[in-house]
>>> print(open('start_1.txt').read())   # compact mmCIF, C-alpha atoms and all ligand atoms
# COMPACT_ATOMS: atom_id res chain seq x y z
CA MET A 1 96.86 196.16 77.88
CA ASN A 2 98.09 196.81 81.40
CA ALA A 3 100.17 195.20 84.12
CA ASP A 4 97.26 193.04 85.30
CA ILE A 5 97.10 191.48 81.85
CA THR A 6 100.82 191.11 81.12
CA THR A 7 102.13 190.04 84.56
CA PRO A 8 100.50 186.56 84.47
CA ARG A 9 101.96 186.07 80.97
CA ARG A 10 105.48 186.70 82.26
CA GLU A 11 104.82 184.32 85.13
CA LYS A 12 103.81 181.63 82.65
CA LEU A 13 106.96 182.21 80.65
CA ALA A 14 109.07 181.95 83.82
CA MET A 15 107.29 178.69 84.72
CA ALA A 16 108.17 177.23 81.34
CA MET A 17 111.84 178.20 81.61
CA GLU A 18 114.56 176.18 83.32
CA ALA A 19 117.06 177.44 85.88
CA ASN A 20 119.95 179.47 84.43
CA GLN A 21 117.98 180.44 81.38
CA LEU A 22 117.49 183.99 80.21
CA ALA A 23 114.79 185.37 77.95
CA ILE A 24 115.71 188.49 75.97
CA VAL A 25 112.81 189.97 74.04
CA PHE A 26 113.44 192.93 71.77
CA ALA A 27 110.88 195.57 70.87
CA LYS A 28 110.91 196.67 67.23
CA MET A 29 113.34 199.39 66.31
CA GLU A 30 112.18 202.95 66.00
CA GLN A 31 110.90 203.25 62.43
CA GLU A 32 112.95 205.43 60.12
CA GLY A 33 111.40 208.74 59.15
CA ILE A 34 107.68 209.16 59.50
CA GLU A 35 106.39 205.62 59.21
CA LYS A 36 103.73 204.37 61.59
CA TYR A 37 105.20 202.30 64.41
CA THR A 38 104.09 198.72 64.90
CA GLN A 39 105.36 196.75 67.89
CA ASP A 40 106.90 193.29 67.99
CA ASN A 41 104.10 190.98 69.11
CA HIS A 42 106.20 188.95 71.56
CA PHE A 43 107.41 192.12 73.24
CA LEU A 44 103.93 193.59 73.33
CA TYR A 45 102.47 190.34 74.68
CA LEU A 46 104.91 190.26 77.59
CA THR A 47 105.10 193.98 78.46
CA GLY A 48 102.04 195.72 76.98
CA LEU A 49 104.35 198.55 75.86
CA TYR A 50 104.34 200.23 72.45
CA LEU A 51 107.90 201.45 73.06
CA PRO A 52 110.42 201.23 70.22
CA ASP A 53 113.97 200.00 70.91
CA ALA A 54 113.16 198.62 74.34
CA VAL A 55 114.32 195.25 75.66
CA PHE A 56 112.68 192.94 78.19
CA CYS A 57 114.81 190.37 80.03
CA LEU A 58 113.69 187.58 82.33
CA LEU A 59 116.36 185.67 84.22
CA LYS A 60 115.49 182.44 85.95
CA THR A 61 117.80 181.08 88.62
CA LYS A 62 117.34 178.00 90.81
CA ASP A 63 114.93 179.68 93.17
CA LYS A 64 114.05 183.11 91.76
CA THR A 65 113.11 185.01 88.65
CA PHE A 66 114.26 188.53 87.84
CA GLU A 67 112.63 190.89 85.35
CA TYR A 68 114.40 193.81 83.73
CA LEU A 69 113.22 196.39 81.25
CA PHE A 70 115.51 198.66 79.23
CA ILE A 71 114.05 201.74 77.57
CA GLN A 72 115.29 204.67 75.50
CA ARG A 73 116.49 207.76 77.25
CA GLY A 74 114.49 210.90 76.36
CA ILE A 75 116.51 213.45 74.39
CA PRO A 76 114.91 216.92 74.65
CA GLU A 77 115.90 217.95 71.10
CA LYS A 78 114.25 214.80 69.66
CA GLU A 79 111.17 215.14 71.81
CA VAL A 80 110.29 218.35 69.97
CA TRP A 81 109.66 216.15 66.93
CA ASP A 82 108.46 212.89 68.37
CA GLY A 83 106.74 213.89 71.60
CA LYS A 84 107.78 213.02 75.13
CA LYS A 85 109.46 209.67 75.69
CA MET A 86 107.92 207.34 78.25
CA THR A 87 109.57 207.77 81.63
CA LYS A 88 110.89 204.89 83.72
CA GLU A 89 108.02 205.37 86.14
CA GLU A 90 105.41 205.25 83.37
CA ALA A 91 106.98 202.11 81.90
CA ARG A 92 107.02 200.52 85.38
CA GLN A 93 103.35 201.39 85.97
CA LEU A 94 102.14 200.17 82.58
CA SER A 95 104.10 196.93 82.50
CA GLY A 96 104.39 195.99 86.16
CA ILE A 97 108.12 195.36 85.62
CA GLN A 98 109.87 196.90 88.61
CA SER A 99 113.46 197.13 87.40
CA VAL A 100 113.61 199.69 84.58
CA SER A 101 116.94 200.96 83.21
CA TYR A 102 118.09 202.83 80.13
CA LEU A 103 119.04 201.03 76.97
CA ASP A 104 122.66 202.23 77.14
CA GLU A 105 123.01 200.08 80.27
CA PHE A 106 121.82 196.90 78.52
CA TYR A 107 125.17 195.32 77.60
CA ALA A 108 126.72 196.17 80.96
CA ALA A 109 123.84 194.45 82.76
CA LEU A 110 124.06 191.49 80.41
CA SER A 111 127.82 191.15 81.03
CA GLY A 112 126.99 190.65 84.69
CA VAL A 113 124.54 187.76 84.15
CA CYS A 114 126.01 185.94 81.13
CA PRO A 115 128.56 183.89 83.13
CA MET A 116 125.70 182.01 84.83
CA VAL A 117 123.48 181.62 81.76
CA LYS A 118 123.17 178.27 79.94
CA SER A 119 120.80 179.31 77.22
CA ILE A 120 118.87 182.31 75.94
CA TRP A 121 115.36 182.43 74.50
CA SER A 122 114.99 185.35 72.15
CA ASN A 123 112.74 186.62 69.38
CA ILE A 124 115.42 185.99 66.76
CA GLY A 125 112.86 185.17 64.05
CA SER A 126 113.83 182.78 61.28
CA PRO A 127 115.12 184.67 58.27
CA ALA A 128 116.17 182.64 55.23
CA LEU A 129 119.92 182.09 54.81
CA ASN A 130 120.09 184.67 52.03
CA ARG A 131 118.32 187.38 54.07
CA PRO A 132 119.69 189.92 56.56
CA LEU A 133 119.97 188.95 60.21
CA SER A 134 117.02 189.89 62.38
CA TYR A 135 117.44 192.80 64.79
CA ALA A 136 117.58 190.38 67.75
CA MET A 137 120.33 188.33 66.05
CA TYR A 138 122.28 191.50 65.48
CA MET A 139 121.89 192.62 69.09
CA LEU A 140 122.90 189.17 70.42
CA GLN A 141 126.01 188.92 68.26
CA PRO A 142 128.37 190.11 71.08
CA ILE A 143 127.08 187.20 73.20
CA ARG A 144 127.74 184.75 70.37
CA ASN A 145 131.25 186.14 70.07
CA ILE A 146 132.20 186.06 73.75
CA TYR A 147 129.99 183.31 75.23
CA SER A 148 129.92 180.79 72.44
CA ASN A 149 128.84 178.15 74.96
CA ILE A 150 125.44 179.85 75.48
CA ASP A 151 122.73 178.37 73.27
CA ILE A 152 120.48 180.92 71.65
CA GLU A 153 117.04 179.52 70.91
CA ASN A 154 113.95 180.86 69.21
CA LEU A 155 111.47 182.31 71.72
CA ASN A 156 108.64 180.96 69.55
CA ASN A 157 109.37 177.44 70.76
CA ILE A 158 108.78 178.22 74.42
CA ILE A 159 106.07 180.86 74.08
CA ARG A 160 103.91 179.05 71.49
CA PRO A 161 101.85 177.03 74.01
CA ILE A 162 101.35 180.16 76.11
CA ARG A 163 100.32 182.51 73.31
CA SER A 164 98.09 180.00 71.55
CA VAL A 165 95.72 179.75 74.54
CA LYS A 166 93.75 182.98 74.66
CA SER A 167 92.57 184.61 77.88
CA ASP A 168 89.06 186.04 78.23
CA TRP A 169 90.49 189.52 77.71
CA GLU A 170 92.17 188.42 74.50
CA ILE A 171 88.93 186.84 73.24
CA GLU A 172 87.17 190.17 73.90
CA GLN A 173 89.74 192.03 71.78
CA MET A 174 89.46 189.47 69.00
CA GLN A 175 85.68 189.65 69.11
CA LYS A 176 85.90 193.42 68.60
CA ALA A 177 88.32 193.02 65.72
CA ILE A 178 85.91 190.49 64.18
CA ASP A 179 82.78 192.58 64.79
CA PHE A 180 84.30 195.74 63.28
CA THR A 181 85.52 193.73 60.30
CA GLY A 182 81.99 192.38 59.94
CA LEU A 183 80.53 195.90 59.94
CA GLY A 184 82.93 196.81 57.13
CA ILE A 185 82.12 193.71 55.10
CA THR A 186 78.37 194.23 55.45
CA GLU A 187 78.75 197.88 54.47
CA VAL A 188 80.60 196.89 51.30
CA MET A 189 77.82 194.42 50.48
CA LYS A 190 75.37 197.32 50.89
CA GLN A 191 77.29 199.83 48.77
CA ALA A 192 79.10 197.93 46.04
CA LYS A 193 78.03 198.60 42.43
CA ALA A 194 79.34 197.30 39.13
CA GLY A 195 81.91 199.73 37.75
CA MET A 196 83.42 200.58 41.13
CA MET A 197 87.08 199.86 41.70
CA GLU A 198 88.21 197.20 44.16
CA TYR A 199 90.08 199.88 46.10
CA GLU A 200 86.85 201.82 46.56
CA LEU A 201 85.39 198.79 48.29
CA GLU A 202 88.55 198.55 50.39
CA ALA A 203 88.10 202.20 51.40
CA ILE A 204 84.47 201.61 52.48
CA LEU A 205 85.64 198.72 54.60
CA TYR A 206 88.48 200.59 56.25
CA TYR A 207 86.33 203.62 56.96
CA GLN A 208 83.85 201.47 58.89
CA MET A 209 86.66 199.89 60.86
CA GLN A 210 88.67 203.00 61.66
CA LYS A 211 85.53 204.84 62.79
CA ASN A 212 85.38 202.21 65.54
CA GLY A 213 88.94 202.67 66.72
CA VAL A 214 90.74 200.21 64.48
CA GLN A 215 94.23 201.55 63.72
CA ASN A 216 95.52 198.97 61.29
CA TRP A 217 94.64 196.09 59.04
CA GLY A 218 95.66 192.74 60.54
CA PHE A 219 97.13 191.93 57.11
CA ALA A 220 97.05 193.33 53.58
CA PRO A 221 93.36 193.24 52.59
CA ILE A 222 92.24 191.15 49.64
CA VAL A 223 89.34 192.67 47.71
CA ALA A 224 89.16 190.60 44.56
CA SER A 225 86.50 190.57 41.86
CA GLY A 226 86.00 187.92 39.20
CA VAL A 227 89.14 186.07 38.20
CA ASN A 228 91.24 188.00 40.74
CA ALA A 229 89.59 185.94 43.46
CA THR A 230 91.47 182.90 42.17
CA THR A 231 94.81 184.49 43.12
CA LEU A 232 95.10 183.40 46.74
CA HIS A 233 97.06 186.38 48.02
CA TYR A 234 95.81 189.00 45.56
CA LYS A 235 96.40 192.42 47.07
CA LEU A 236 96.57 194.85 44.17
CA ASN A 237 92.88 195.71 44.63
CA ASN A 238 93.01 197.94 41.53
CA CYS A 239 90.55 196.39 39.08
CA GLN A 240 87.08 197.42 38.12
CA VAL A 241 84.21 195.31 39.45
CA GLY A 242 82.15 193.66 36.70
CA THR A 243 78.38 193.09 36.67
CA ASP A 244 78.56 189.31 36.72
CA ASP A 245 81.47 189.07 39.16
CA ILE A 246 81.60 187.54 42.56
CA VAL A 247 83.62 189.80 44.87
CA LEU A 248 85.77 188.00 47.44
CA MET A 249 86.92 189.96 50.51
CA ASP A 250 89.53 188.34 52.77
CA VAL A 251 90.10 191.01 55.36
CA GLY A 252 90.68 191.57 59.04
CA ALA A 253 90.98 194.51 61.38
CA SER A 254 93.64 194.63 64.04
CA TYR A 255 92.20 195.75 67.39
CA SER A 256 94.43 196.12 70.46
CA ASN A 257 96.89 194.40 68.14
CA TYR A 258 94.66 191.31 67.78
CA SER A 259 93.76 190.33 64.26
CA ALA A 260 90.52 189.17 62.70
CA ASP A 261 90.65 187.10 59.51
CA ILE A 262 87.34 186.81 57.67
CA THR A 263 86.41 185.95 54.10
CA ARG A 264 83.05 186.63 52.51
CA CYS A 265 81.88 186.62 48.89
CA PHE A 266 78.92 188.31 47.24
CA PRO A 267 77.46 188.60 43.74
CA VAL A 268 77.65 192.11 42.27
CA SER A 269 74.43 191.51 40.34
CA GLY A 270 72.48 190.87 43.55
CA LYS A 271 71.86 187.24 42.71
CA PHE A 272 74.22 184.27 42.47
CA SER A 273 74.10 182.66 39.02
CA PRO A 274 73.16 178.94 39.16
CA ARG A 275 76.81 177.97 38.77
CA GLN A 276 78.08 180.49 41.34
CA LYS A 277 75.44 179.23 43.73
CA GLN A 278 76.42 175.62 43.14
CA VAL A 279 80.07 176.30 43.96
CA TYR A 280 79.22 178.55 46.90
CA GLU A 281 76.95 175.93 48.43
CA GLU A 282 79.66 173.26 48.22
CA VAL A 283 82.20 175.53 49.96
CA LEU A 284 79.70 176.55 52.63
CA ALA A 285 78.71 172.95 53.35
CA ILE A 286 82.35 171.95 53.75
CA GLN A 287 83.03 174.92 56.01
CA LYS A 288 80.12 174.07 58.28
CA ALA A 289 81.05 170.38 58.38
CA VAL A 290 84.63 171.19 59.40
CA ILE A 291 83.56 173.71 62.06
CA GLY A 292 81.31 170.98 63.44
CA LEU A 293 84.39 168.81 64.09
CA ILE A 294 86.25 171.40 66.14
CA LYS A 295 86.75 170.55 69.81
CA PRO A 296 89.65 170.03 72.21
CA GLY A 297 91.80 167.05 71.26
CA ILE A 298 91.22 167.33 67.51
CA GLY A 299 94.35 167.88 65.41
CA LEU A 300 94.67 170.48 62.66
CA ALA A 301 96.03 167.66 60.51
CA PHE A 302 92.77 165.73 60.98
CA LEU A 303 90.74 168.80 59.95
CA ASN A 304 92.90 169.08 56.84
CA GLU A 305 92.38 165.43 55.93
CA LYS A 306 88.62 165.73 56.40
CA THR A 307 88.52 168.87 54.28
CA VAL A 308 90.39 167.18 51.46
CA GLU A 309 87.95 164.24 51.50
CA LEU A 310 84.95 166.56 51.38
CA MET A 311 86.61 168.74 48.76
CA GLN A 312 87.36 165.80 46.47
CA ALA A 313 83.72 164.73 46.48
CA ALA A 314 82.56 168.33 45.92
CA LEU A 315 84.91 168.93 42.99
CA ILE A 316 83.75 165.72 41.34
CA ARG A 317 80.09 166.76 41.83
CA LEU A 318 80.91 170.14 40.29
CA GLY A 319 82.36 168.37 37.25
CA LEU A 320 85.76 169.96 37.78
CA ILE A 321 87.79 166.78 38.30
CA GLU A 322 87.35 163.09 37.65
CA ASN A 323 90.17 161.72 39.77
CA LYS A 324 90.31 162.52 43.47
CA GLU A 325 94.06 163.14 43.25
CA ASP A 326 93.49 166.20 41.06
CA TYR A 327 91.78 168.22 43.79
CA LYS A 328 94.82 170.50 44.20
CA ARG A 329 94.01 172.15 40.90
CA TYR A 330 91.06 173.87 42.57
CA TYR A 331 91.85 173.74 46.30
CA MET A 332 95.52 174.24 47.14
CA HIS A 333 95.81 175.62 50.65
CA SER A 334 95.12 174.28 54.11
CA ILE A 335 91.90 174.62 56.04
CA GLY A 336 93.11 177.18 58.55
CA HIS A 337 95.64 178.47 61.02
CA HIS A 338 95.88 179.78 64.55
CA LEU A 339 94.81 183.40 64.89
CA GLY A 340 95.84 185.99 67.47
CA MET A 341 98.21 188.94 67.57
CA ASP A 342 99.72 187.55 64.39
CA THR A 343 97.22 186.75 61.65
CA HIS A 344 99.10 183.52 61.15
CA ASP A 345 99.60 183.07 64.86
CA LEU A 346 101.94 180.74 66.68
CA GLY A 347 100.64 177.19 66.65
CA ALA A 348 102.10 174.40 64.58
CA ARG A 349 100.32 172.86 61.61
CA ASP A 350 100.36 169.55 63.46
CA SER A 351 99.01 171.07 66.67
CA VAL A 352 96.21 169.45 68.62
CA LEU A 353 93.46 171.86 69.56
CA GLU A 354 92.90 172.85 73.17
CA THR A 355 90.41 175.08 74.94
CA GLY A 356 91.26 178.73 74.31
CA ASN A 357 92.74 178.28 70.84
CA VAL A 358 91.31 180.43 68.05
CA ILE A 359 91.62 179.09 64.53
CA THR A 360 90.34 180.08 61.12
CA VAL A 361 88.26 177.74 58.97
CA GLU A 362 88.56 178.76 55.34
CA PRO A 363 87.86 176.27 52.58
CA GLY A 364 87.82 177.62 49.05
CA ILE A 365 87.36 176.58 45.43
CA TYR A 366 89.21 178.51 42.74
CA ILE A 367 88.28 178.13 39.08
CA PRO A 368 90.26 180.59 36.93
CA GLU A 369 88.70 179.29 33.69
CA GLU A 370 85.30 180.36 35.05
CA SER A 371 86.63 183.63 36.59
CA LEU A 372 85.29 182.37 39.87
CA GLY A 373 86.88 182.07 43.30
CA ILE A 374 84.89 181.29 46.44
CA ARG A 375 86.32 181.17 49.95
CA ILE A 376 84.36 181.39 53.19
CA GLU A 377 86.31 182.01 56.38
CA ASP A 378 85.26 182.23 60.01
CA ASP A 379 87.23 182.61 63.24
CA VAL A 380 86.44 179.84 65.70
CA LEU A 381 87.18 179.62 69.42
CA VAL A 382 87.81 176.16 70.85
CA THR A 383 85.84 175.67 74.07
CA GLU A 384 85.60 172.89 76.61
CA SER A 385 82.39 171.62 75.07
CA GLY A 386 83.31 172.16 71.42
CA ASN A 387 83.59 175.55 69.80
CA ILE A 388 82.09 178.99 69.35
CA ASN A 389 82.12 180.62 65.93
CA LEU A 390 83.14 184.19 66.78
CA SER A 391 82.19 185.50 63.32
CA ILE A 392 78.82 183.75 63.00
CA GLY A 393 77.10 187.16 62.90
CA ILE A 394 78.65 188.12 59.56
CA PRO A 395 76.27 187.09 56.75
CA LYS A 396 77.28 183.99 54.81
CA GLU A 397 74.01 182.27 53.87
CA ILE A 398 73.04 182.77 50.23
CA ASN A 399 69.60 184.19 51.05
CA GLU A 400 71.01 186.69 53.58
CA ILE A 401 73.65 187.92 51.14
CA GLU A 402 71.18 188.19 48.25
CA GLN A 403 68.78 190.11 50.47
CA ILE A 404 71.43 192.67 51.43
CA ARG A 405 72.56 193.00 47.81
CA GLN A 406 69.08 193.41 46.41
CA ALA A 407 68.21 196.08 48.98
CA ALA A 408 71.45 197.80 47.95
CA LEU A 409 70.57 197.79 44.27
CA LEU A 410 67.05 199.21 44.68
MN MN B 501 93.14 183.12 57.06
>>> encode(input="start_1.txt", output="structure tokens")
Amino acid sequence: MNADITTPRREKLAMAMEANQLAIVFAKMEQEGIEKYTQDNHFLYLTGLYLPDAVFCLLKTKDKTFEYLFIQRGIPEKEVWDGKKMTKEEARQLSGIQSVSYLDEFYAALSGVCPMVKSIWSNIGSPALNRPLSYAMYMLQPIRNIYSNIDIENLNNIIRPIRSVKSDWEIEQMQKAIDFTGLGITEVMKQAKAGMMEYELEAILYYQMQKNGVQNWGFAPIVASGVNATTLHYKLNNCQVGTDDIVLMDVGASYSNYSADITRCFPVSGKFSPRQKQVYEEVLAIQKAVIGLIKPGIGLAFLNEKTVELMQAALIRLGLIENKEDYKRYYMHSIGHHLGMDTHDLGARDSVLETGNVITVEPGIYIPEESLGIRIEDDVLVTESGNINLSIGIPKEINEIEQIRQAALL
């Protein structure tokens, strides 16, 4: 990410803001001890900087916008341990933000602008009432105390329409995240054997991804065999894989901080049993039907309704339910979500799709009493003329999967 990529994003944010509004976007704090640093996605989106403890401010007045960046001062004794801090000049170059100051000047600068500010957009998050304040809430507390007339609003609400439409560069990053995830998934299909542990499969996957420059999972990987696949957010990954199991992998690499989110299932034995095949085919048919509906102007709510209709008929055919209303026993989540820097990216459940959105399509049927869980998930880009399935290259047809598995077991 460089200034050419982040500058237009800041311009879009400024366009969306009203006069006398201020955006204050906080980077994540420096992690305690020796943990790996991950950046706040709003901050990264707007600045391209992996700097901890930095703050980006955008002030809009009647006829101008002003951008300010505050960064940590380098302390020579600390730099022995942590490496050199980014200089003001480096931060300016990388972000394209011209006014760069040190963090210890932040409140003084803010004191100067607050008298003219009506409201502030900030990445305050939305912690539950019985949870600690977010870092942004903590940092904005002096403003609440002294300028109680200034509204503080969640940055999500203004940045959602901007972040949910992906640029070509963003699509390229997501495509890489998806392709590297696909390599990992295919490699697991090639190497998995009964008796292996789920975490061994996870390791095969991550090795393939990291070899290609992936630094992190997009989310905690789910590698679930047999009945574990019926736990939607299973992440223990510590059971032994059985001969007759289906293994479900719901995984995604993060590349340039963009997440993939893919689910594939395969039979350990090399061949789907008739029942496994029956269930798999129903899920696959629903997934394809729903992907076929995706185009600009279609609502996520509509896709959910369609999925439920198709799911009800499928569950009745499979002999799992008799009454349509009971479908939630075997299908209890929604069809998908926006995907981007966050795996569950900004984009409301009731959003209407537009060109440049990327969403997941992930129907599933979960039958604990049969130790069987099937979910198939692709990442789909909404285009002017319909959609492009970005993960179409990752095997999901029964014959393809069986072929890979049987070659593996030779
Ligand atoms: Mn998903």
>>> closest_residue(input="start_1.txt", among="A:Ala194, A:Tyr207, A:Leu201, A:Ala19", to="Ile120 (chain A)", atoms="all atoms listed in the file")
A:Ala19
>>> residues_around(input="start_1.txt", residues="Glu105 (chain A)", least_positions_apart="5", cutoff="12 Å", atoms="all atoms listed in the file", output="list in words")
Ala54, Val55, Tyr68, Leu69, Phe70, Ile71, Gln72, Arg73, Val100, Leu110, Ser111 and Gly112 of chain A
>>> residues_around(input="start_1.txt", residues="region 314-321 of chain A", least_positions_apart="6", cutoff="9 Å", atoms="all atoms listed in the file", output="ChimeraX atom specification")
/A:275,278-279,282-283,286,327,329-330,365,367
>>> closest_residue(input="start_1.txt", among="A:Ala289, A:Val117, A:Met249, A:Leu103", to="ligand MN 501 (chain B)", atoms="all atoms listed in the file")
A:Met249
>>> residues_near_ligand(input="start_1.txt", ligand="ligand MN 501 (chain B)", cutoff="7 Å", atoms="all atoms listed in the file", output="number ranges by chain")
A: 261-262, 336-337, 360, 362, 377
>>> write_last_selection(input="start_1.txt", atoms="C-alpha atoms", output="PDB file, in the frame of the given file")
ATOM      1  CA  ASP A 261      90.650 187.100  59.510  1.00  0.00           C
ATOM      2  CA  ILE A 262      87.340 186.810  57.670  1.00  0.00           C
ATOM      3  CA  GLY A 336      93.110 177.180  58.550  1.00  0.00           C
ATOM      4  CA  HIS A 337      95.640 178.470  61.020  1.00  0.00           C
ATOM      5  CA  THR A 360      90.340 180.080  61.120  1.00  0.00           C
ATOM      6  CA  GLU A 362      88.560 178.760  55.340  1.00  0.00           C
ATOM      7  CA  GLU A 377      86.310 182.010  56.380  1.00  0.00           C
TER       8      GLU A 377
END
>>> residues_around(input="start_1.txt", residues="Trp169 (chain A)", least_positions_apart="6", cutoff="10 Å", atoms="all atoms listed in the file", output="tab-separated table (two decimals) with C-alpha atoms, keeping the file's coordinate frame")
chain	number	residue	atom	x	y	z
A	1	MET	CA	96.86	196.16	77.88
A	5	ILE	CA	97.10	191.48	81.85
A	175	GLN	CA	85.68	189.65	69.11
>>> residues_around(input="start_1.txt", residues="Ala301 (chain A)", least_positions_apart="5", cutoff="8 Å", atoms="all atoms listed in the file", output="list in words")
Arg349, Asp350 and Ser351 of chain A
>>> atom_distance(input="start_1.txt", atom1="CA of Gly125 (chain A)", atom2="CA of Ile158 (chain A)")
13.1 Å
>>> atom_distance(input="start_1.txt", atom1="CA of Arg163 (chain A)", atom2="CA of Val251 (chain A)")
22.3 Å
>>> closest_residue(input="start_1.txt", among="A:Ile388, A:Met189, A:Leu300, A:Val382", to="Gln403 (chain A)", atoms="only C-alpha atoms")
A:Met189
>>> closest_residue(input="start_1.txt", among="A:Ala229, A:Ile246, A:Leu49, A:Met209", to="Met86 (chain A)", atoms="all atoms listed in the file")
A:Leu49
